[in-house]
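Participant: Pasting protein.tsv here (TSV, C-alpha atoms and all ligand atoms):
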chain	number	residue	atom	x	y	z
M	18	MET	CA	104.98	65.46	115.51
M	19	THR	CA	106.62	63.37	118.23
M	20	LEU	CA	109.63	65.09	119.83
M	21	ARG	CA	112.80	62.97	120.09
M	22	ALA	CA	114.52	62.98	123.49
M	23	ALA	CA	117.94	61.83	124.69
M	24	VAL	CA	119.45	61.30	128.14
M	25	ILE	CA	123.06	62.15	129.07
M	26	GLY	CA	124.09	60.38	132.28
M	27	CYS	CA	122.40	56.99	132.68
M	28	GLY	CA	122.12	56.55	136.45
M	29	ARG	CA	119.52	56.76	139.18
M	30	MET	CA	117.71	60.00	138.38
M	31	ALA	CA	117.83	59.15	134.71
M	32	GLY	CA	115.54	56.22	135.50
M	33	THR	CA	116.39	53.59	138.10
M	34	ILE	CA	115.47	55.82	141.07
M	35	ASP	CA	111.88	54.64	140.58
M	36	ASP	CA	112.93	51.35	142.26
M	37	GLU	CA	113.79	53.31	145.43
M	38	ILE	CA	110.50	55.20	145.75
M	39	THR	CA	108.57	52.71	147.82
M	40	TYR	CA	107.44	55.07	150.60
M	41	ASP	CA	103.98	56.46	151.05
M	42	HIS	CA	104.04	60.19	150.25
M	43	ALA	CA	101.30	62.33	148.76
M	44	ASP	CA	103.46	63.69	145.93
M	45	PHE	CA	106.25	61.16	145.28
M	46	VAL	CA	104.17	59.67	142.52
M	47	LEU	CA	105.85	57.48	139.91
M	48	PRO	CA	107.23	57.89	137.33
M	49	TYR	CA	109.97	59.94	139.01
M	50	GLY	CA	113.08	59.30	136.85
M	51	HIS	CA	113.51	60.88	133.44
M	52	ALA	CA	113.25	57.76	131.23
M	53	PRO	CA	110.02	56.45	132.79
M	54	GLY	CA	108.80	60.07	132.70
M	55	TYR	CA	109.33	60.25	128.94
M	56	ALA	CA	107.54	56.89	128.53
M	57	ALA	CA	104.49	58.32	130.32
M	58	THR	CA	104.40	61.69	128.50
M	59	ASP	CA	102.44	62.31	125.31
M	60	GLY	CA	104.23	63.78	122.30
M	61	VAL	CA	107.77	62.71	123.17
M	62	GLU	CA	109.87	59.57	122.77
M	63	LEU	CA	113.24	58.65	124.30
M	64	VAL	CA	115.47	57.62	121.39
M	65	ALA	CA	119.11	57.82	122.58
M	66	ALA	CA	121.35	57.87	125.64
M	67	ALA	CA	124.97	58.57	126.55
M	68	ASP	CA	127.12	57.61	129.52
M	69	VAL	CA	130.89	57.60	129.92
M	70	GLU	CA	130.66	54.10	131.46
M	71	ALA	CA	129.90	51.59	128.69
M	72	ASP	CA	128.63	48.80	130.99
M	73	ARG	CA	126.31	51.10	132.85
M	74	LEU	CA	125.09	52.55	129.55
M	75	ASP	CA	124.20	49.13	128.16
M	76	GLY	CA	122.40	47.90	131.25
M	77	TRP	CA	120.44	51.13	131.52
M	78	CYS	CA	119.52	51.24	127.82
M	79	ASP	CA	118.44	47.59	127.86
M	80	ARG	CA	116.15	48.30	130.78
M	81	PHE	CA	114.56	51.40	129.22
M	82	GLY	CA	114.48	50.10	125.64
M	83	VAL	CA	116.87	52.68	124.15
M	84	ALA	CA	118.60	51.51	120.96
M	85	SER	CA	121.04	54.36	120.18
M	86	ARG	CA	123.88	54.37	122.73
M	87	PHE	CA	126.98	56.56	123.00
M	88	THR	CA	129.90	56.84	125.41
M	89	ASP	CA	130.52	60.41	124.20
M	90	HIS	CA	127.58	62.80	124.42
M	91	ARG	CA	128.97	64.93	121.56
M	92	GLN	CA	128.57	62.02	119.15
M	93	LEU	CA	125.00	61.56	120.35
M	94	LEU	CA	124.21	65.23	119.71
M	95	GLU	CA	125.85	65.17	116.27
M	96	GLN	CA	124.34	61.92	115.02
M	97	ILE	CA	120.88	61.90	116.66
M	98	LYS	CA	120.10	65.64	116.75
M	99	PRO	CA	117.51	65.21	119.53
M	100	ASP	CA	114.79	67.79	120.19
M	101	ILE	CA	115.06	67.47	124.00
M	102	VAL	CA	118.05	66.52	126.15
M	103	SER	CA	117.97	65.41	129.78
M	104	VAL	CA	121.23	66.16	131.58
M	105	THR	CA	121.34	63.71	134.49
M	106	THR	CA	125.10	63.57	135.03
M	107	PRO	CA	126.38	64.47	138.53
M	108	ALA	CA	126.31	68.22	139.22
M	109	HIS	CA	130.10	68.54	138.87
M	110	ALA	CA	129.84	67.02	135.35
M	111	ARG	CA	126.78	68.99	134.28
M	112	ALA	CA	127.91	72.19	132.61
M	113	GLN	CA	129.73	70.91	129.54
M	114	PRO	CA	127.14	68.36	128.35
M	115	LEU	CA	124.39	70.90	129.01
M	116	ILE	CA	126.13	73.68	127.07
M	117	ASP	CA	127.05	71.29	124.26
M	118	ALA	CA	123.40	70.22	124.03
M	119	VAL	CA	122.16	73.82	123.97
M	120	GLU	CA	124.70	74.81	121.31
M	121	SER	CA	123.90	71.75	119.18
M	122	GLY	CA	120.45	73.24	118.51
M	123	VAL	CA	118.14	71.24	120.80
M	124	ARG	CA	114.70	72.74	121.39
M	125	GLY	CA	114.46	72.11	125.13
M	126	ILE	CA	116.45	70.91	128.18
M	127	TYR	CA	115.46	69.01	131.32
M	128	THR	CA	118.41	69.32	133.67
M	129	GLU	CA	118.98	67.95	137.13
M	130	LYS	CA	119.81	69.84	140.29
M	131	ALA	CA	121.99	71.35	141.56
M	132	LEU	CA	122.52	73.08	138.21
M	133	CYS	CA	126.31	73.16	138.62
M	134	THR	CA	129.06	73.44	141.22
M	135	SER	CA	130.81	76.70	140.30
M	136	GLN	CA	129.84	80.27	139.51
M	137	VAL	CA	131.96	80.11	136.35
M	138	ASP	CA	129.80	77.21	135.10
M	139	LEU	CA	126.61	78.96	136.19
M	140	ASP	CA	127.51	82.01	134.11
M	141	ARG	CA	128.44	79.85	131.11
M	142	ILE	CA	125.15	77.93	131.27
M	143	VAL	CA	123.01	81.06	131.70
M	144	LYS	CA	124.79	82.74	128.77
M	145	ALA	CA	124.31	79.72	126.48
M	146	VAL	CA	120.61	79.27	127.35
M	147	HIS	CA	119.89	83.00	126.93
M	148	ALA	CA	121.64	83.00	123.56
M	149	ALA	CA	119.68	79.97	122.33
M	150	GLN	CA	116.38	81.18	123.83
M	151	ILE	CA	115.14	77.67	124.52
M	152	PRO	CA	113.02	76.43	127.43
M	153	ILE	CA	114.83	74.69	130.28
M	154	VAL	CA	113.16	72.88	133.18
M	155	TYR	CA	114.81	71.75	136.39
M	156	GLY	CA	114.97	68.72	138.66
M	157	ALA	CA	114.40	70.89	141.75
M	158	MET	CA	110.85	69.99	140.94
M	159	ARG	CA	108.57	70.55	143.87
M	160	ARG	CA	106.93	73.49	142.07
M	161	TYR	CA	105.42	70.79	139.83
M	162	TRP	CA	104.04	68.72	142.71
M	163	ALA	CA	100.28	69.02	143.03
M	164	GLY	CA	100.62	69.81	146.78
M	165	PHE	CA	102.88	72.83	146.22
M	166	GLU	CA	100.76	73.94	143.25
M	167	THR	CA	97.71	73.88	145.52
M	168	ALA	CA	99.64	75.83	148.18
M	169	ARG	CA	100.66	78.48	145.64
M	170	ALA	CA	97.05	78.80	144.39
M	171	PHE	CA	95.88	79.02	148.04
M	172	LEU	CA	98.35	81.87	148.73
M	173	ASP	CA	97.47	83.62	145.46
M	174	ALA	CA	93.78	83.49	146.45
M	175	GLY	CA	94.68	85.80	149.38
M	176	HIS	CA	93.25	83.69	152.26
M	177	LEU	CA	96.14	84.78	154.48
M	178	GLY	CA	97.07	88.13	152.93
M	179	GLU	CA	100.36	88.82	151.16
M	180	PRO	CA	103.20	86.30	151.73
M	181	ARG	CA	106.12	88.09	153.42
M	182	SER	CA	108.56	85.42	154.48
M	183	ALA	CA	109.41	81.73	154.16
M	184	LEU	CA	111.02	79.61	156.86
M	185	ILE	CA	112.49	76.38	155.61
M	186	GLY	CA	113.74	73.31	157.44
M	187	ALA	CA	117.34	73.06	156.32
M	188	SER	CA	118.65	70.75	159.03
M	189	GLY	CA	120.17	67.53	157.68
M	190	GLY	CA	121.05	67.05	154.03
M	191	SER	CA	123.37	69.29	152.06
M	192	ALA	CA	122.92	72.75	150.62
M	193	PHE	CA	123.40	72.08	146.91
M	194	HIS	CA	122.24	68.48	146.65
M	195	THR	CA	119.25	68.53	149.03
M	196	HIS	CA	118.24	72.09	149.77
M	197	SER	CA	118.30	73.23	146.15
M	198	HIS	CA	114.91	71.45	146.16
M	199	ILE	CA	113.38	73.24	149.09
M	200	ILE	CA	114.84	76.67	148.28
M	201	ASP	CA	113.21	76.39	144.86
M	202	ALA	CA	109.90	75.35	146.43
M	203	ALA	CA	109.96	78.25	148.90
M	204	MET	CA	110.88	80.74	146.17
M	205	TYR	CA	107.93	79.43	144.13
M	206	LEU	CA	105.55	79.94	147.06
M	207	LEU	CA	106.89	83.49	147.54
M	208	GLY	CA	106.37	84.33	143.84
M	209	ASP	CA	109.99	83.86	142.67
M	210	PRO	CA	111.42	87.21	143.82
M	211	GLU	CA	114.99	88.17	142.89
M	212	PRO	CA	117.43	87.61	145.80
M	213	ALA	CA	119.09	90.81	147.07
M	214	ALA	CA	121.43	89.75	149.92
M	215	VAL	CA	122.48	86.63	151.84
M	216	GLN	CA	123.95	85.96	155.29
M	217	ALA	CA	124.83	82.35	156.15
M	218	THR	CA	126.73	80.01	158.38
M	219	LEU	CA	127.52	76.60	156.91
M	220	THR	CA	128.89	73.45	158.51
M	221	GLY	CA	130.40	70.16	157.44
M	222	ARG	CA	128.08	67.19	157.23
M	223	ALA	CA	127.97	64.26	159.62
M	224	ASP	CA	130.48	65.84	162.01
M	225	GLN	CA	133.04	66.36	159.23
M	226	GLU	CA	134.89	69.66	159.30
M	227	LEU	CA	134.04	71.83	156.28
M	228	GLY	CA	137.19	72.63	154.30
M	229	VAL	CA	137.16	76.21	152.98
M	230	SER	CA	140.08	77.44	150.90
M	231	THR	CA	140.41	81.01	149.71
M	232	GLN	CA	142.86	82.59	147.32
M	233	GLY	CA	142.23	86.20	146.40
M	234	ASP	CA	138.51	86.35	145.54
M	235	ALA	CA	138.35	82.60	144.86
M	236	ILE	CA	136.54	80.41	147.43
M	237	ALA	CA	136.43	76.61	147.23
M	238	LEU	CA	134.59	74.20	149.54
M	239	ASP	CA	135.86	70.62	149.71
M	240	ALA	CA	132.32	69.27	150.24
M	241	ASP	CA	128.66	70.12	149.80
M	242	PRO	CA	127.96	71.85	153.13
M	243	ALA	CA	125.05	71.62	155.54
M	244	ILE	CA	123.24	74.91	156.21
M	245	GLY	CA	123.63	76.02	159.82
M	246	HIS	CA	121.58	79.15	159.38
M	247	ALA	CA	120.86	81.42	156.41
M	248	SER	CA	118.87	84.59	155.91
M	249	ILE	CA	118.12	85.75	152.38
M	250	ASP	CA	116.66	89.19	151.61
M	251	LEU	CA	114.44	89.10	148.53
M	252	ALA	CA	112.97	91.77	146.30
M	253	GLY	CA	109.82	93.43	147.58
M	254	GLY	CA	110.92	93.19	151.23
M	255	ARG	CA	110.40	89.42	151.34
M	256	ARG	CA	112.71	87.08	153.19
M	257	LEU	CA	113.75	83.43	153.13
M	258	THR	CA	115.21	81.97	156.33
M	259	CYS	CA	116.82	78.54	156.66
M	260	THR	CA	116.08	77.36	160.19
M	261	ASP	CA	115.80	74.30	162.42
M	262	LEU	CA	112.28	73.41	161.29
M	263	PRO	CA	112.13	69.68	160.50
M	264	SER	CA	114.03	68.99	157.30
M	265	LEU	CA	112.16	70.06	154.14
M	266	ASP	CA	109.22	71.62	156.03
M	267	ILE	CA	108.22	75.13	154.92
M	268	GLU	CA	106.29	77.83	156.74
M	269	ILE	CA	105.01	80.79	154.74
M	270	VAL	CA	104.39	83.80	156.98
M	271	CYS	CA	101.79	86.09	155.42
M	272	GLU	CA	100.45	89.48	156.49
M	273	GLU	CA	97.33	87.91	158.04
M	274	GLY	CA	98.27	84.31	158.75
M	275	VAL	CA	100.62	81.37	158.33
M	276	LEU	CA	100.65	78.39	155.95
M	277	ARG	CA	102.66	75.37	157.03
M	278	SER	CA	103.77	72.52	154.78
M	279	TRP	CA	104.53	69.46	156.91
M	280	GLY	CA	106.64	66.50	155.85
M	281	ASP	CA	107.79	67.94	152.52
M	282	SER	CA	104.26	68.73	151.30
M	283	SER	CA	102.67	65.65	152.87
M	284	ARG	CA	100.04	67.83	154.54
M	285	TYR	CA	99.25	71.51	155.09
M	286	THR	CA	97.72	73.60	157.85
M	287	ALA	CA	96.73	77.24	157.53
M	288	MET	CA	95.90	79.61	160.38
M	289	ARG	CA	94.54	83.13	160.07
M	290	ARG	CA	94.96	85.78	162.75
M	291	GLN	CA	91.74	87.41	164.00
M	292	ASP	CA	93.52	89.53	166.57
M	293	ARG	CA	96.71	89.17	168.60
M	294	TYR	CA	95.55	86.18	170.67
M	295	ASP	CA	92.88	84.76	168.42
M	296	TRP	CA	93.78	82.56	165.45
M	297	GLU	CA	91.43	80.38	163.46
M	298	PRO	CA	92.16	77.49	161.10
M	299	VAL	CA	91.49	78.03	157.39
M	300	PRO	CA	90.57	74.86	155.46
M	301	PHE	CA	93.29	73.87	153.01
M	302	PRO	CA	91.97	72.29	149.80
M	303	SER	CA	92.66	68.63	149.01
M	304	TRP	CA	94.64	67.91	145.86
M	305	GLN	CA	94.86	65.17	143.28
M	306	ALA	CA	98.36	63.66	143.40
M	307	ARG	CA	100.12	62.97	140.10
M	308	SER	CA	103.70	62.53	138.83
M	309	GLY	CA	105.72	65.75	139.06
M	310	THR	CA	108.12	64.44	136.41
M	311	VAL	CA	105.30	63.96	133.91
M	312	ALA	CA	104.08	67.48	134.79
M	313	ILE	CA	107.58	68.89	134.13
M	314	LEU	CA	107.82	67.11	130.80
M	315	GLY	CA	104.31	68.19	129.82
M	316	ASP	CA	105.34	71.77	130.59
M	317	LEU	CA	108.49	71.43	128.45
M	318	VAL	CA	106.72	69.74	125.53
M	319	GLY	CA	103.99	72.41	125.67
M	320	ALA	CA	106.61	75.16	125.64
M	321	ILE	CA	108.33	73.69	122.60
M	322	ASN	CA	105.16	72.99	120.65
M	323	GLU	CA	103.07	76.00	121.63
M	324	GLY	CA	105.75	78.56	122.51
M	325	GLN	CA	104.24	79.07	125.97
M	326	PRO	CA	106.56	79.90	128.91
M	327	THR	CA	107.53	77.13	131.35
M	328	ARG	CA	106.89	77.37	135.08
M	329	SER	CA	110.63	77.21	135.72
M	330	GLY	CA	113.35	78.60	133.44
M	331	ILE	CA	116.95	79.70	133.45
M	332	ASP	CA	116.36	82.96	135.34
M	333	ILE	CA	114.47	81.19	138.12
M	334	ILE	CA	117.09	78.42	138.28
M	335	ARG	CA	119.83	81.10	138.42
M	336	ARG	CA	118.21	82.75	141.47
M	337	GLY	CA	118.36	79.52	143.49
M	338	MET	CA	121.98	78.94	142.47
M	339	GLU	CA	123.02	82.54	143.27
M	340	ILE	CA	121.55	82.07	146.77
M	341	LEU	CA	123.61	78.90	147.29
M	342	PHE	CA	126.87	80.48	146.07
M	343	ALA	CA	126.26	83.60	148.14
M	344	MET	CA	125.81	81.37	151.23
M	345	VAL	CA	129.32	80.05	150.58
M	346	ALA	CA	130.70	83.58	150.17
M	347	SER	CA	129.01	84.77	153.36
M	348	HIS	CA	130.26	81.76	155.33
M	349	ALA	CA	133.83	82.24	154.05
M	350	GLN	CA	133.65	85.89	155.22
M	351	GLY	CA	132.60	84.95	158.76
M	352	GLY	CA	128.85	85.25	158.15
M	353	GLN	CA	128.95	88.74	156.61
M	354	ARG	CA	126.10	90.04	154.48
M	355	VAL	CA	126.75	89.44	150.76
M	356	ASP	CA	124.89	91.64	148.29
M	357	LEU	CA	123.62	90.16	145.03
M	358	PRO	CA	124.45	89.98	142.22
M	359	MET	CA	127.97	89.14	143.40
M	360	GLN	CA	130.69	90.85	141.45
M	361	SER	CA	133.38	88.25	142.11
M	362	ARG	CA	132.52	85.01	140.30
M	363	ASP	CA	134.99	82.39	141.52
M	364	ILE	CA	133.19	80.15	144.02
M	365	SER	CA	133.22	76.37	143.65
M	366	VAL	CA	131.86	73.51	145.74
M	367	HIS	CA	132.37	69.78	145.55
M	368	SER	CA	128.92	68.22	145.02
M	369	HIS	CA	127.37	65.22	143.23
M	401	LIG	N1	115.48	65.50	141.26
M	401	LIG	C1	115.75	64.58	142.19
M	401	LIG	O1	114.95	64.30	143.08
M	401	LIG	C2	117.06	63.85	142.12
M	401	LIG	C3	117.20	62.61	142.74
M	401	LIG	C4	118.42	61.96	142.62
M	401	LIG	C5	119.48	62.55	141.95
M	401	LIG	N2	119.29	63.78	141.40
M	401	LIG	C6	120.40	64.48	140.69
M	401	LIG	O2	120.70	63.77	139.50
M	401	LIG	C7	122.10	63.85	139.24
M	401	LIG	C8	122.63	62.45	139.04
M	401	LIG	O3	122.47	61.76	140.25
M	401	LIG	P1	122.32	60.16	140.26
M	401	LIG	O4	122.05	59.79	141.66
M	401	LIG	O5	121.38	59.75	139.19
M	401	LIG	O6	123.82	59.75	139.88
M	401	LIG	P2	124.36	58.41	139.23
M	401	LIG	O7	125.80	58.32	139.63
M	401	LIG	O8	123.45	57.27	139.54
M	401	LIG	O9	124.27	58.69	137.64
M	401	LIG	C9	125.08	59.63	136.99
M	401	LIG	C10	125.55	59.02	135.68
M	401	LIG	O10	126.21	60.02	134.92
M	401	LIG	C11	127.32	59.40	134.25
M	401	LIG	N3	128.24	60.44	133.82
M	401	LIG	C12	129.14	61.14	134.56
M	401	LIG	N4	129.77	62.04	133.77
M	401	LIG	C13	129.26	61.91	132.52
M	401	LIG	C14	129.49	62.58	131.29
M	401	LIG	N5	130.37	63.56	131.18
M	401	LIG	N6	128.79	62.16	130.20
M	401	LIG	C15	127.90	61.17	130.29
M	401	LIG	N7	127.62	60.51	131.45
M	401	LIG	C16	128.29	60.88	132.54
M	401	LIG	C17	127.87	58.43	135.29
M	401	LIG	O11	128.68	57.43	134.68
M	401	LIG	C18	126.58	57.88	135.87
M	401	LIG	O12	126.13	56.73	135.18
M	401	LIG	C19	122.73	64.55	140.45
M	401	LIG	O13	123.02	65.88	140.15
M	401	LIG	C20	121.66	64.49	141.52
M	401	LIG	O14	121.66	65.61	142.38
M	401	LIG	C21	118.11	64.43	141.45
Just dump the structure as structure tokens.
Ligand SMILES: NC(=O)c1ccc[n+]([C@@H]2O[C@H](COP(=O)([O-])OP(=O)(O)OC[C@H]3O[C@@H](n4cnc5c(N)ncnc54)[C@H](O)[C@@H]3O)[C@@H](O)[C@H]2O)c1
Facilitator:
Amino acid sequence: MTLRAAVIGCGRMAGTIDDEITYDHADFVLPYGHAPGYAATDGVELVAAADVEADRLDGWCDRFGVASRFTDHRQLLEQIKPDIVSVTTPAHARAQPLIDAVESGVRGIYTEKALCTSQVDLDRIVKAVHAAQIPIVYGAMRRYWAGFETARAFLDAGHLGEPRSALIGASGGSAFHTHSHIIDAAMYLLGDPEPAAVQATLTGRADQELGVSTQGDAIALDADPAIGHASIDLAGGRRLTCTDLPSLDIEIVCEEGVLRSWGDSSRYTAMRRQDRYDWEPVPFPSWQARSGTVAILGDLVGAINEGQPTRSGIDIIRRGMEILFAMVASHAQGGQRVDLPMQSRDISVHSH
């Protein structure tokens, strides 16, 4: 039976972003937006959409051939009763539509990144998804790119020994909006370990001063920060370090070698240590590029129809978000180490 999908938040990532992806990259394969992704995925059909802006809603629905249109997502959920909901609102407007969708009885969620902009909302979302026990997949989607999949299989095959540490290029961009992507990708390559502690220094973006206000345990940032430096201790003695590597590059340091992703998974090199001064290249397999969005949706549809687990999920999404909030806490405390899970739950950030 064909699953019926709906989109809440009819903007770029919901569909029109495909017009912007004109560059040549191994894994930015169209369709990228949610609506064209649904159109290209077997077993699912996009039947309804909601946006608070009526004009935007109409233009978007005309373009993607969606007949049922709502300016209030609650009416959509009540009247359409979709099986799957995409939540593509801005991050600061994510939690309520997402929770409403989960509590309305949908069978699966495809939500954008960053998941939310406050710890209070994170806890509410995690609680709702756990209670409903439904699959949820995430727009921090590089774990569905064929390049990163190939890298994970390469590491799992043991060519370089056990992965111990990931260095990620976190210069440029912003922590929640941009680096939620690359933190998720690095966590995937390290086997998704639970974060244990975070130390970070954040900065404003584009020479803007970062506004940090604190009141008791509450910490609020007036903008989505850039990451100056961050060190994250992970379960099993692993570590994630945000460094000055070129933006979105990742280096996985293993017990017997190093795997480097260049240009956001455009190409890979692997080197294996023979002895202290002698390293040899290890051939990295080629991969067949395909749309990550269609892979995400295939994973979600498979989970709903077959009951199989998805590659992502609320507990994996939560780990990436806890890391980001702990960076804020560490920064606000002068770069102190913050142990996870944090007991105080009142951090918020302004992010799209
Ligand atoms: N995965 C990716 O690579 C990727 C790329 C771009 C954007 N994004 C994410 O997608 C999200 C949306 O970004 P965008 O660039 O598409 O933004 P956008 O502004 O183009 O679209 C957001 C839409 O949501 C609507 N909206 C806001 N509040 C709403 C509500 N309560 N109910 C219904 N509609 C509401 C707005 O009117 C707007 O039309 C962001 O969180 C962003 O980080 C992800």
Participant: Please find the residues contacting ligand LIG 401 (chain M) at a distance of at most 9 Å between atoms, with only C-alpha atoms and all ligand atoms counted, and report them as a PyMOL selection string.
Facilitator: chain M and resi 24-34+49-50+66-71+73-74+77+87-90+104-111+113-114+128-133+155-159+193-195+198+310+368-369
Participant: Contacts between range 217-225 of chain M and range 310-352 of chain M, please, where a residue of range 310-352 of chain M counts if it comes within 6 Å (with only C-alpha atoms); show its shortest atom pair and distance in Å to one decimal, rows by chain and ascending number, as CSV.
Facilitator:
residue,atom,partner,partner_atom,distance
M:Met344,CA,M:Ala217,CA,5.1
M:Ser347,CA,M:Ala217,CA,5.6
M:His348,CA,M:Thr218,CA,5.0
M:Gly352,CA,M:Ala217,CA,5.3
Participant: Around (131.2, 85.5, 146.5) in the file's own coordinates, what residues are found within 8 Å if you use only C-alpha atoms, given back as a VMD selection string?
Facilitator: chain M and resid 234 to 236 342 to 343 345 to 347 355 359 to 364
Participant: Write out as lines of an AutoDock Vina configuration file an axis-aligned box for range 47-63 of chain M: all of its atoms listed in the file, 5 Å added on each side, centre and edge lengths in Å with one decimal.
Facilitator:
center_x = 108.0
center_y = 60.1
center_z = 131.1
size_x = 21.1
size_y = 17.3
size_z = 27.6
Participant: Between CA of Thr58 in chain M and CA of Ala22 in chain M, measure the distance and give it in Å to one decimal.
Facilitator: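 One can read the CA of Thr58 in chain M to CA of Ala22 in chain M distance as 11.4 Å.
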Participant: Separation of CA of Leu238 in chain M and CA of Val366 in chain M, in Å?
Facilitator: 4.7 Å
